[in-house]
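Below: run-v4.cif (mmCIF, C-alpha atoms)
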data_structure
#
loop_
_atom_site.label_atom_id
_atom_site.label_comp_id
_atom_site.auth_asym_id
_atom_site.auth_seq_id
_atom_site.Cartn_x
_atom_site.Cartn_y
_atom_site.Cartn_z
CA THR A 1309 0.00 0.00 0.00
CA PRO A 1310 1.42 3.41 -0.95
CA SER A 1311 2.46 5.66 1.90
CA GLN A 1312 -0.16 8.09 3.19
CA ASN A 1313 2.60 10.74 3.15
CA GLN A 1314 3.41 10.05 -0.51
CA ILE A 1315 2.48 13.45 -1.92
CA TYR A 1316 5.47 15.20 -3.43
CA ARG A 1317 5.36 18.63 -5.01
CA PRO A 1318 4.10 18.11 -8.56
CA LEU A 1319 6.36 18.84 -11.51
CA ILE A 1320 5.00 21.66 -13.65
CA VAL A 1321 5.36 21.02 -17.37
CA ASN A 1322 4.97 23.99 -19.71
CA ILE A 1323 3.75 22.98 -23.17
CA ASN A 1324 3.99 25.18 -26.26
CA ILE A 1325 3.08 23.40 -29.51
CA THR A 1326 2.13 25.55 -32.52
CA ASN A 1327 2.19 23.13 -35.45
CA PRO A 1328 0.54 20.85 -36.64
CA ILE A 1329 -1.65 21.19 -33.54
CA GLU A 1330 -1.85 23.99 -30.98
CA ILE A 1331 -1.33 23.51 -27.24
CA LYS A 1332 -0.26 26.33 -24.98
CA GLN A 1333 -0.82 25.12 -21.46
CA SER A 1334 0.90 24.09 -18.23
CA ILE A 1335 -0.04 20.88 -16.46
CA ALA A 1336 0.96 19.45 -13.10
CA LEU A 1337 2.61 16.04 -13.16
CA LYS A 1338 1.81 14.25 -9.93
CA ASN A 1339 3.73 11.11 -8.98
CA LEU A 1340 1.56 9.10 -11.39
CA THR A 1341 0.09 10.97 -14.36
CA ILE A 1342 -2.00 9.40 -17.11
CA LEU A 1343 -2.53 11.12 -20.47
CA MET A 1344 -5.59 9.87 -22.34
CA GLY A 1345 -7.20 10.76 -25.64
CA PRO A 1346 -7.32 9.86 -29.35
CA ASN A 1347 -4.43 9.88 -31.79
CA GLU A 1348 -3.00 13.17 -33.13
CA VAL A 1349 -3.61 15.22 -29.99
CA GLY A 1350 0.02 15.60 -28.88
CA LYS A 1351 0.45 13.00 -26.14
CA THR A 1352 3.51 11.37 -27.70
CA ALA A 1353 4.90 14.73 -28.83
CA ILE A 1354 4.88 15.91 -25.22
CA LEU A 1355 6.72 12.81 -23.97
CA GLU A 1356 9.33 13.08 -26.73
CA ARG A 1357 9.92 16.77 -26.09
CA ILE A 1358 10.35 16.13 -22.37
CA ILE A 1359 13.23 13.73 -22.99
CA ARG A 1360 14.82 16.14 -25.45
CA TYR A 1361 14.47 18.91 -22.86
CA ALA A 1362 16.07 16.61 -20.25
CA GLU A 1363 19.06 16.04 -22.53
CA ALA A 1364 19.46 19.77 -23.09
CA VAL A 1365 19.49 20.66 -19.38
CA GLY A 1366 21.92 17.91 -18.35
CA SER A 1367 19.70 15.16 -16.94
CA THR A 1368 20.71 11.57 -17.62
CA ALA A 1369 18.29 10.79 -20.46
CA ILE A 1370 17.73 7.20 -21.57
CA GLN A 1371 15.73 6.70 -24.75
CA ALA A 1372 14.98 3.09 -24.00
CA GLY A 1373 15.21 1.08 -27.18
CA TYR A 1374 13.99 3.94 -29.37
CA ASP A 1375 15.94 6.42 -31.48
CA LEU A 1376 14.24 9.80 -31.43
CA VAL A 1377 16.37 10.87 -34.39
CA GLU A 1378 14.10 8.67 -36.50
CA SER A 1379 10.93 10.11 -34.96
CA ASP A 1380 9.05 13.30 -35.73
CA VAL A 1381 11.10 15.24 -33.15
CA ASP A 1382 13.36 16.38 -36.00
CA ASP A 1383 10.53 17.04 -38.44
CA GLU A 1384 10.83 20.75 -39.31
CA ARG A 1385 7.08 20.99 -39.84
CA ILE A 1386 6.50 20.27 -36.15
CA ARG A 1387 7.01 23.20 -33.80
CA ALA A 1388 6.92 22.15 -30.18
CA GLU A 1389 8.67 23.09 -26.96
CA VAL A 1390 8.31 21.64 -23.48
CA SER A 1391 10.02 22.64 -20.24
CA ILE A 1392 9.91 21.45 -16.61
CA ASP A 1393 10.11 23.71 -13.59
CA GLU A 1394 12.81 21.75 -11.73
CA SER A 1395 15.77 19.47 -12.34
CA ILE A 1396 15.48 15.69 -12.68
CA ASP A 1397 18.38 13.25 -12.27
CA TYR A 1398 17.13 10.56 -14.66
CA VAL A 1399 14.55 10.79 -17.44
CA ILE A 1400 13.67 7.46 -19.09
CA TYR A 1401 11.46 7.15 -22.17
CA ALA A 1402 9.89 4.01 -23.65
CA ASN A 1403 7.90 3.70 -26.86
CA PRO A 1404 6.29 0.55 -28.39
CA SER A 1405 8.38 1.09 -31.54
CA ALA A 1406 11.36 -0.17 -29.53
CA VAL A 1407 13.59 -2.82 -31.09
CA PHE A 1408 14.32 -5.58 -28.58
CA ALA A 1409 18.08 -5.63 -29.16
CA ASP A 1410 18.21 -1.94 -28.25
CA VAL A 1411 15.82 -2.50 -25.35
CA TYR A 1412 18.26 -4.89 -23.72
CA LYS A 1413 21.08 -2.36 -24.09
CA SER A 1414 18.93 0.20 -22.27
CA VAL A 1415 18.20 -2.24 -19.45
CA LYS A 1416 21.91 -3.06 -19.22
CA LYS A 1417 22.69 0.66 -18.77
CA LEU A 1418 20.23 0.84 -15.90
CA LYS A 1419 21.71 -2.25 -14.25
CA TYR A 1420 24.97 -0.41 -13.68
CA ALA A 1421 23.14 2.50 -12.02
CA VAL A 1422 21.41 0.57 -9.22
CA THR A 1423 22.60 -1.52 -6.31
CA LEU A 1424 21.75 -5.19 -5.89
CA ARG A 1425 19.86 -4.37 -2.69
CA THR A 1426 17.58 -1.77 -4.27
CA LEU A 1427 17.06 -4.02 -7.29
CA ALA A 1428 16.06 -6.94 -5.06
CA ASP A 1429 13.63 -4.66 -3.22
CA ALA A 1430 12.09 -3.55 -6.53
CA ILE A 1431 11.67 -7.16 -7.72
CA SER A 1432 10.02 -8.00 -4.41
CA GLU A 1433 7.51 -5.17 -4.88
CA VAL A 1434 6.61 -6.33 -8.41
CA ASN A 1435 6.15 -9.90 -7.17
CA ARG A 1436 3.92 -8.62 -4.39
CA VAL A 1437 1.51 -7.13 -6.93
CA LEU A 1438 1.56 -10.31 -9.02
CA ASP A 1439 0.81 -12.39 -5.91
CA GLU A 1440 -2.13 -10.11 -5.05
CA ILE A 1441 -3.55 -10.46 -8.56
CA HIS A 1442 -3.05 -14.25 -8.50
CA THR A 1443 -5.00 -14.43 -5.24
CA GLU A 1444 -7.79 -12.17 -6.54
CA LEU A 1445 -8.22 -14.26 -9.69
CA LYS A 1446 -8.23 -17.48 -7.66
CA ASP A 1447 -10.85 -16.08 -5.28
CA ASN A 1448 -13.01 -15.09 -8.28
CA TYR A 1449 -12.61 -18.54 -9.93
CA HIS A 1450 -10.53 -17.18 -12.82
CA GLU A 1451 -7.11 -18.54 -11.88
CA GLU A 1452 -6.62 -19.62 -15.51
CA GLU A 1453 -6.02 -15.96 -16.41
CA PHE A 1454 -2.91 -15.67 -14.26
CA GLU A 1455 -0.49 -17.83 -16.28
CA PRO A 1456 -0.61 -15.65 -19.43
CA ILE A 1457 -0.21 -12.54 -17.23
CA ALA A 1458 2.86 -13.94 -15.47
CA SER A 1459 4.46 -15.27 -18.67
CA THR A 1460 3.93 -11.99 -20.54
CA LEU A 1461 5.44 -9.89 -17.76
CA LYS A 1462 8.71 -11.77 -17.23
CA LEU A 1463 11.49 -9.33 -16.49
CA ILE A 1464 14.13 -8.73 -19.15
CA ASP A 1465 17.40 -10.30 -18.02
CA ASP A 1466 18.66 -12.15 -21.11
CA PRO A 1467 19.07 -10.66 -24.62
CA ASN A 1468 18.50 -14.06 -26.20
CA LYS A 1469 15.07 -14.64 -24.71
CA PRO A 1470 12.07 -13.26 -26.61
CA THR A 1471 9.79 -11.01 -24.59
CA HIS A 1472 6.89 -8.59 -24.89
CA TYR A 1473 6.66 -4.80 -24.74
CA PRO A 1474 4.66 -4.95 -21.44
CA SER A 1475 7.54 -6.88 -19.84
CA PHE A 1476 9.87 -4.10 -21.02
CA VAL A 1477 7.58 -1.54 -19.36
CA VAL A 1478 7.58 -3.45 -16.06
CA THR A 1479 11.38 -3.89 -16.21
CA LEU A 1480 11.91 -0.15 -16.76
CA ALA A 1481 9.51 0.64 -13.91
CA LEU A 1482 11.39 -1.74 -11.65
CA TYR A 1483 14.76 -0.10 -12.39
CA SER A 1484 13.24 3.37 -12.13
CA TYR A 1485 11.93 2.49 -8.67
CA ALA A 1486 15.37 1.21 -7.65
CA LEU A 1487 17.04 4.38 -9.00
CA SER A 1488 14.59 6.58 -7.13
CA LYS A 1489 16.00 5.45 -3.78
CA ASP A 1490 18.82 7.98 -4.28
CA SER A 1491 17.77 10.05 -7.31
CA LYS A 1492 14.77 11.89 -8.73
CA VAL A 1493 13.47 9.87 -11.68
CA LEU A 1494 10.93 10.73 -14.37
CA LEU A 1495 9.68 7.64 -16.24
CA LEU A 1496 7.82 8.33 -19.51
CA ILE A 1497 5.95 5.41 -21.08
CA ASP A 1498 4.09 5.65 -24.36
CA GLU A 1499 1.25 3.12 -24.68
CA PRO A 1500 2.22 0.78 -21.80
CA GLU A 1501 -0.67 -1.47 -22.84
CA ALA A 1502 0.68 -2.07 -26.37
CA PHE A 1503 0.37 -5.71 -27.53
CA ALA A 1504 -1.29 -6.67 -24.23
CA TYR A 1505 -4.49 -8.53 -23.36
CA PRO A 1506 -6.88 -6.46 -21.20
CA SER A 1507 -5.89 -8.43 -18.07
CA VAL A 1508 -2.19 -7.80 -18.78
CA ALA A 1509 -2.83 -4.08 -19.42
CA TYR A 1510 -4.68 -3.90 -16.09
CA THR A 1511 -1.81 -5.66 -14.31
CA VAL A 1512 0.79 -3.30 -15.81
CA GLY A 1513 -1.29 -0.40 -14.51
CA ARG A 1514 -1.40 -1.98 -11.04
CA ILE A 1515 2.38 -2.49 -11.01
CA LEU A 1516 3.15 1.07 -12.10
CA ARG A 1517 0.75 2.41 -9.50
CA HIS A 1518 2.30 0.31 -6.74
CA LEU A 1519 5.94 1.13 -7.54
CA THR A 1520 5.26 4.83 -8.02
CA GLY A 1521 3.28 4.96 -4.82
CA LYS A 1522 6.15 3.48 -2.83
CA SER A 1523 8.67 6.19 -3.82
CA ARG A 1524 8.60 9.94 -3.22
CA ASN A 1525 11.23 10.48 -5.92
CA LEU A 1526 9.64 8.56 -8.79
CA PHE A 1527 7.35 10.35 -11.24
CA THR A 1528 5.66 8.18 -13.87
CA VAL A 1529 3.86 9.61 -16.92
CA THR A 1530 2.00 7.36 -19.34
CA ALA A 1531 0.14 8.06 -22.58
CA THR A 1532 -2.52 5.42 -23.09
CA HIS A 1533 -5.61 4.41 -25.07
CA SER A 1534 -6.51 1.61 -22.66
CA TRP A 1535 -9.26 1.85 -20.07
CA ASP A 1536 -8.07 -1.48 -18.66
CA PHE A 1537 -4.61 -0.03 -17.99
CA TYR A 1538 -6.29 3.06 -16.53
CA ALA A 1539 -8.45 0.95 -14.18
CA GLY A 1540 -5.35 -0.79 -12.80
CA ALA A 1541 -3.36 2.43 -12.48
CA VAL A 1542 -6.00 4.40 -10.57
CA ARG A 1543 -7.35 1.48 -8.53
CA GLY A 1544 -8.51 2.80 -5.18
CA GLY A 1545 -7.70 6.40 -6.08
CA ALA A 1546 -5.05 8.58 -4.44
CA GLU A 1547 -4.18 12.27 -4.24
CA TRP A 1548 -0.84 11.65 -5.95
CA ILE A 1549 -2.50 10.32 -9.14
CA GLU A 1550 -3.80 12.55 -11.93
CA ALA A 1551 -5.39 11.71 -15.28
CA TYR A 1552 -5.75 14.17 -18.15
CA ASP A 1553 -8.15 14.01 -21.09
CA PHE A 1554 -6.94 15.46 -24.43
CA LYS A 1555 -9.64 16.89 -26.68
CA ARG A 1556 -9.08 18.37 -30.13
CA VAL A 1557 -11.17 20.96 -31.99
CA ASP A 1558 -9.64 21.66 -35.43
CA LYS A 1559 -5.98 22.45 -34.62
CA LYS A 1560 -6.51 23.37 -30.98
CA VAL A 1561 -6.06 20.78 -28.24
CA PHE A 1562 -7.48 21.25 -24.77
CA ILE A 1563 -6.14 19.30 -21.79
CA GLU A 1564 -8.54 18.79 -18.90
CA LYS A 1565 -8.55 16.64 -15.79
CA LEU A 1566 -10.37 13.40 -16.53
CA LYS A 1567 -13.76 13.19 -14.86
CA GLU A 1568 -14.06 10.53 -12.19
CA GLY A 1569 -16.32 7.56 -12.74
CA LEU A 1570 -15.55 7.06 -16.44
CA TYR A 1571 -14.62 3.51 -17.39
CA MET A 1572 -14.96 1.56 -20.62
CA PRO A 1573 -13.41 -1.93 -20.33
CA GLY A 1574 -11.81 -3.86 -23.17
CA PHE A 1575 -13.76 -6.39 -25.21
CA SER A 1576 -12.26 -9.33 -23.33
CA VAL A 1577 -12.76 -8.16 -19.77
CA SER A 1578 -10.55 -9.83 -17.19
CA GLY A 1579 -12.00 -11.59 -14.16
CA LEU A 1580 -10.11 -8.95 -12.20
CA LEU A 1581 -12.50 -6.28 -13.46
CA ARG A 1582 -15.78 -8.11 -13.02
#

Could I get this structure in the form of structure tokens?
Amino acid sequence: TPSQNQIYRPLIVNINITNPIEIKQSIALKNLTILMGPNEVGKTAILERIIRYAEAVGSTAIQAGYDLVESDVDDERIRAEVSIDESIDYVIYANPSAVFADVYKSVKKLKYAVTLRTLADAISEVNRVLDEIHTELKDNYHEEEFEPIASTLKLIDDPNKPTHYPSFVVTLALYSYALSKDSKVLLLIDEPEAFAYPSVAYTVGRILRHLTGKSRNLFTVTATHSWDFYAGAVRGGAEWIEAYDFKRVDKKVFIEKLKEGLYMPGFSVSGLLR
């Protein structure tokens, strides 16, 4: 259970995008922030500009398995700037376009930055969430759903073993949690639910919520299309969680706090959500 004293001063992100969409707004990033909305509203652009900003101001920026040089960050038609009101030690960005060979290199970099003790603690916290979910499914007579969840979310520790993007997300979250013991860490994850069954997306949300809630120095920002991920991430609610809804009218995009009570599950709803 996250600490009742978890609340840390939010990071203020100033957004100025003028083309091909228009956003001129500042938003508060709480410890766990969820960006929701359709395509082409600027969610990914904001995440990519944050990591570029981090590089420019001297933070340790890790573009995990994804080369921004090949993205639209360098497209001259796109005019976008993002800044943060305080310094961050590590900024880590993950995108589902990641190539696994590069993903492992990113994980290897992070391995050298954490101690064995903090890493063991992080693994223990992830396993705690998985054990809770296993018990909940068993109690609801849907234990058969747990095996695909566990097999999909195996941590990345061998470059020769195939894995899934959700396992990459959980591995990055685990290392970010370990790093946050001694450093301020901003973890940016684009579409954490990519290539995941609804029950897996929900579990990833639960894990990110749990790890972020256990650390005062870890800020996690996700851009998602998945209500199942959202349900896991906001489970139980907390003052240190914020969700934003992106709405577009012509070129202008408006960012508003997501109204409570909204939930639209995936087509194959997990026993966890029934």

For the point (7.7, 7.3, -14.2) in file coordinates, what residues are within 12 Å, counting all atoms listed in the file? Give the answer as a compact mmCIF listing (two decimals) with C-alpha atoms, in the frame of the given file?
# COMPACT_ATOMS: atom_id res chain seq x y z
CA LEU A 1319 6.36 18.84 -11.51
CA LEU A 1337 2.61 16.04 -13.16
CA LYS A 1338 1.81 14.25 -9.93
CA ASN A 1339 3.73 11.11 -8.98
CA LEU A 1340 1.56 9.10 -11.39
CA THR A 1341 0.09 10.97 -14.36
CA ILE A 1342 -2.00 9.40 -17.11
CA LEU A 1355 6.72 12.81 -23.97
CA ILE A 1396 15.48 15.69 -12.68
CA TYR A 1398 17.13 10.56 -14.66
CA VAL A 1399 14.55 10.79 -17.44
CA ILE A 1400 13.67 7.46 -19.09
CA TYR A 1401 11.46 7.15 -22.17
CA ALA A 1402 9.89 4.01 -23.65
CA VAL A 1477 7.58 -1.54 -19.36
CA VAL A 1478 7.58 -3.45 -16.06
CA THR A 1479 11.38 -3.89 -16.21
CA LEU A 1480 11.91 -0.15 -16.76
CA ALA A 1481 9.51 0.64 -13.91
CA LEU A 1482 11.39 -1.74 -11.65
CA TYR A 1483 14.76 -0.10 -12.39
CA SER A 1484 13.24 3.37 -12.13
CA TYR A 1485 11.93 2.49 -8.67
CA ALA A 1486 15.37 1.21 -7.65
CA LEU A 1487 17.04 4.38 -9.00
CA SER A 1488 14.59 6.58 -7.13
CA LYS A 1492 14.77 11.89 -8.73
CA VAL A 1493 13.47 9.87 -11.68
CA LEU A 1494 10.93 10.73 -14.37
CA LEU A 1495 9.68 7.64 -16.24
CA LEU A 1496 7.82 8.33 -19.51
CA ILE A 1497 5.95 5.41 -21.08
CA ASP A 1498 4.09 5.65 -24.36
CA PRO A 1500 2.22 0.78 -21.80
CA GLY A 1513 -1.29 -0.40 -14.51
CA ILE A 1515 2.38 -2.49 -11.01
CA LEU A 1516 3.15 1.07 -12.10
CA ARG A 1517 0.75 2.41 -9.50
CA HIS A 1518 2.30 0.31 -6.74
CA LEU A 1519 5.94 1.13 -7.54
CA THR A 1520 5.26 4.83 -8.02
CA GLY A 1521 3.28 4.96 -4.82
CA SER A 1523 8.67 6.19 -3.82
CA ARG A 1524 8.60 9.94 -3.22
CA ASN A 1525 11.23 10.48 -5.92
CA LEU A 1526 9.64 8.56 -8.79
CA PHE A 1527 7.35 10.35 -11.24
CA THR A 1528 5.66 8.18 -13.87
CA VAL A 1529 3.86 9.61 -16.92
CA THR A 1530 2.00 7.36 -19.34
CA ALA A 1531 0.14 8.06 -22.58
CA ILE A 1549 -2.50 10.32 -9.14

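Note that CA of Ser1534 in chain A and CA of Tyr1510 in chain A are 8.8 Å apart.
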
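Each of A:Pro1318, A:Val1415, A:Glu1499, A:Leu1445 was checked against His1533 in chain A using all atoms listed in the file; the smallest atom-to-atom distance is that of A:Glu1499.
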
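Across the model, the gap from CA of Ala1504 in chain A to CA of Tyr1473 in chain A is 8.2 Å.
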
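Of the listed residues A:Glu1444, A:Asp1553, A:Glu1547, A:Glu1455, the one whose atoms come nearest to Val1508 in chain A is A:Glu1455, with distances taken using all atoms listed in the file.
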
For range 1510-1536 of chain A, supply N, CA and C atoms and report the output as a PDB file, keeping the file's coordinate frame.
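Everything below was put into rebuild-v9.pdb:
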ATOM      1  N   TYR A1510      -4.245  -4.235 -17.453  1.00  0.00           N
ATOM      2  CA  TYR A1510      -4.680  -3.900 -16.090  1.00  0.00           C
ATOM      3  C   TYR A1510      -3.556  -4.165 -15.084  1.00  0.00           C
ATOM      4  N   THR A1511      -2.880  -5.298 -15.236  1.00  0.00           N
ATOM      5  CA  THR A1511      -1.810  -5.660 -14.310  1.00  0.00           C
ATOM      6  C   THR A1511      -0.642  -4.686 -14.412  1.00  0.00           C
ATOM      7  N   VAL A1512      -0.288  -4.285 -15.628  1.00  0.00           N
ATOM      8  CA  VAL A1512       0.790  -3.300 -15.810  1.00  0.00           C
ATOM      9  C   VAL A1512       0.417  -2.004 -15.084  1.00  0.00           C
ATOM     10  N   GLY A1513      -0.839  -1.588 -15.212  1.00  0.00           N
ATOM     11  CA  GLY A1513      -1.290  -0.400 -14.510  1.00  0.00           C
ATOM     12  C   GLY A1513      -1.155  -0.545 -12.995  1.00  0.00           C
ATOM     13  N   ARG A1514      -1.514  -1.716 -12.480  1.00  0.00           N
ATOM     14  CA  ARG A1514      -1.400  -1.980 -11.040  1.00  0.00           C
ATOM     15  C   ARG A1514       0.058  -1.907 -10.578  1.00  0.00           C
ATOM     16  N   ILE A1515       0.964  -2.474 -11.378  1.00  0.00           N
ATOM     17  CA  ILE A1515       2.380  -2.490 -11.010  1.00  0.00           C
ATOM     18  C   ILE A1515       2.956  -1.076 -11.008  1.00  0.00           C
ATOM     19  N   LEU A1516       2.650  -0.303 -12.050  1.00  0.00           N
ATOM     20  CA  LEU A1516       3.150   1.070 -12.100  1.00  0.00           C
ATOM     21  C   LEU A1516       2.610   1.890 -10.938  1.00  0.00           C
ATOM     22  N   ARG A1517       1.344   1.691 -10.620  1.00  0.00           N
ATOM     23  CA  ARG A1517       0.750   2.410  -9.500  1.00  0.00           C
ATOM     24  C   ARG A1517       1.458   2.049  -8.194  1.00  0.00           C
ATOM     25  N   HIS A1518       1.697   0.772  -7.983  1.00  0.00           N
ATOM     26  CA  HIS A1518       2.300   0.310  -6.740  1.00  0.00           C
ATOM     27  C   HIS A1518       3.732   0.833  -6.578  1.00  0.00           C
ATOM     28  N   LEU A1519       4.556   0.686  -7.623  1.00  0.00           N
ATOM     29  CA  LEU A1519       5.940   1.130  -7.540  1.00  0.00           C
ATOM     30  C   LEU A1519       6.039   2.641  -7.368  1.00  0.00           C
ATOM     31  N   THR A1520       5.228   3.377  -8.133  1.00  0.00           N
ATOM     32  CA  THR A1520       5.260   4.830  -8.020  1.00  0.00           C
ATOM     33  C   THR A1520       4.795   5.276  -6.639  1.00  0.00           C
ATOM     34  N   GLY A1521       3.805   4.601  -6.115  1.00  0.00           N
ATOM     35  CA  GLY A1521       3.280   4.960  -4.820  1.00  0.00           C
ATOM     36  C   GLY A1521       4.190   4.654  -3.649  1.00  0.00           C
ATOM     37  N   LYS A1522       5.210   3.840  -3.894  1.00  0.00           N
ATOM     38  CA  LYS A1522       6.150   3.480  -2.830  1.00  0.00           C
ATOM     39  C   LYS A1522       7.360   4.410  -2.791  1.00  0.00           C
ATOM     40  N   SER A1523       7.468   5.336  -3.743  1.00  0.00           N
ATOM     41  CA  SER A1523       8.670   6.190  -3.820  1.00  0.00           C
ATOM     42  C   SER A1523       8.287   7.654  -3.963  1.00  0.00           C
ATOM     43  N   ARG A1524       8.843   8.493  -3.120  1.00  0.00           N
ATOM     44  CA  ARG A1524       8.600   9.940  -3.220  1.00  0.00           C
ATOM     45  C   ARG A1524       9.347  10.564  -4.386  1.00  0.00           C
ATOM     46  N   ASN A1525      10.378   9.891  -4.885  1.00  0.00           N
ATOM     47  CA  ASN A1525      11.230  10.480  -5.920  1.00  0.00           C
ATOM     48  C   ASN A1525      10.976   9.922  -7.319  1.00  0.00           C
ATOM     49  N   LEU A1526       9.945   9.119  -7.481  1.00  0.00           N
ATOM     50  CA  LEU A1526       9.640   8.560  -8.790  1.00  0.00           C
ATOM     51  C   LEU A1526       8.366   9.199  -9.340  1.00  0.00           C
ATOM     52  N   PHE A1527       8.489   9.794 -10.521  1.00  0.00           N
ATOM     53  CA  PHE A1527       7.350  10.350 -11.240  1.00  0.00           C
ATOM     54  C   PHE A1527       7.155   9.512 -12.505  1.00  0.00           C
ATOM     55  N   THR A1528       5.951   9.016 -12.701  1.00  0.00           N
ATOM     56  CA  THR A1528       5.660   8.180 -13.870  1.00  0.00           C
ATOM     57  C   THR A1528       4.570   8.860 -14.693  1.00  0.00           C
ATOM     58  N   VAL A1529       4.839   9.018 -15.999  1.00  0.00           N
ATOM     59  CA  VAL A1529       3.860   9.610 -16.920  1.00  0.00           C
ATOM     60  C   VAL A1529       3.600   8.616 -18.039  1.00  0.00           C
ATOM     61  N   THR A1530       2.336   8.294 -18.266  1.00  0.00           N
ATOM     62  CA  THR A1530       2.000   7.360 -19.340  1.00  0.00           C
ATOM     63  C   THR A1530       1.009   8.016 -20.300  1.00  0.00           C
ATOM     64  N   ALA A1531       1.123   7.674 -21.580  1.00  0.00           N
ATOM     65  CA  ALA A1531       0.140   8.060 -22.580  1.00  0.00           C
ATOM     66  C   ALA A1531      -0.544   6.781 -23.027  1.00  0.00           C
ATOM     67  N   THR A1532      -1.843   6.692 -22.871  1.00  0.00           N
ATOM     68  CA  THR A1532      -2.520   5.420 -23.090  1.00  0.00           C
ATOM     69  C   THR A1532      -3.849   5.586 -23.813  1.00  0.00           C
ATOM     70  N   HIS A1533      -4.271   4.500 -24.471  1.00  0.00           N
ATOM     71  CA  HIS A1533      -5.610   4.410 -25.070  1.00  0.00           C
ATOM     72  C   HIS A1533      -6.445   3.369 -24.327  1.00  0.00           C
ATOM     73  N   SER A1534      -5.897   2.784 -23.288  1.00  0.00           N
ATOM     74  CA  SER A1534      -6.510   1.610 -22.660  1.00  0.00           C
ATOM     75  C   SER A1534      -7.211   1.944 -21.350  1.00  0.00           C
ATOM     76  N   TRP A1535      -8.517   1.674 -21.309  1.00  0.00           N
ATOM     77  CA  TRP A1535      -9.260   1.850 -20.070  1.00  0.00           C
ATOM     78  C   TRP A1535      -8.919   0.745 -19.078  1.00  0.00           C
ATOM     79  N   ASP A1536      -8.463  -0.394 -19.561  1.00  0.00           N
ATOM     80  CA  ASP A1536      -8.070  -1.480 -18.660  1.00  0.00           C
ATOM     81  C   ASP A1536      -6.791  -1.096 -17.912  1.00  0.00           C
TER      82      ASP A1536
END
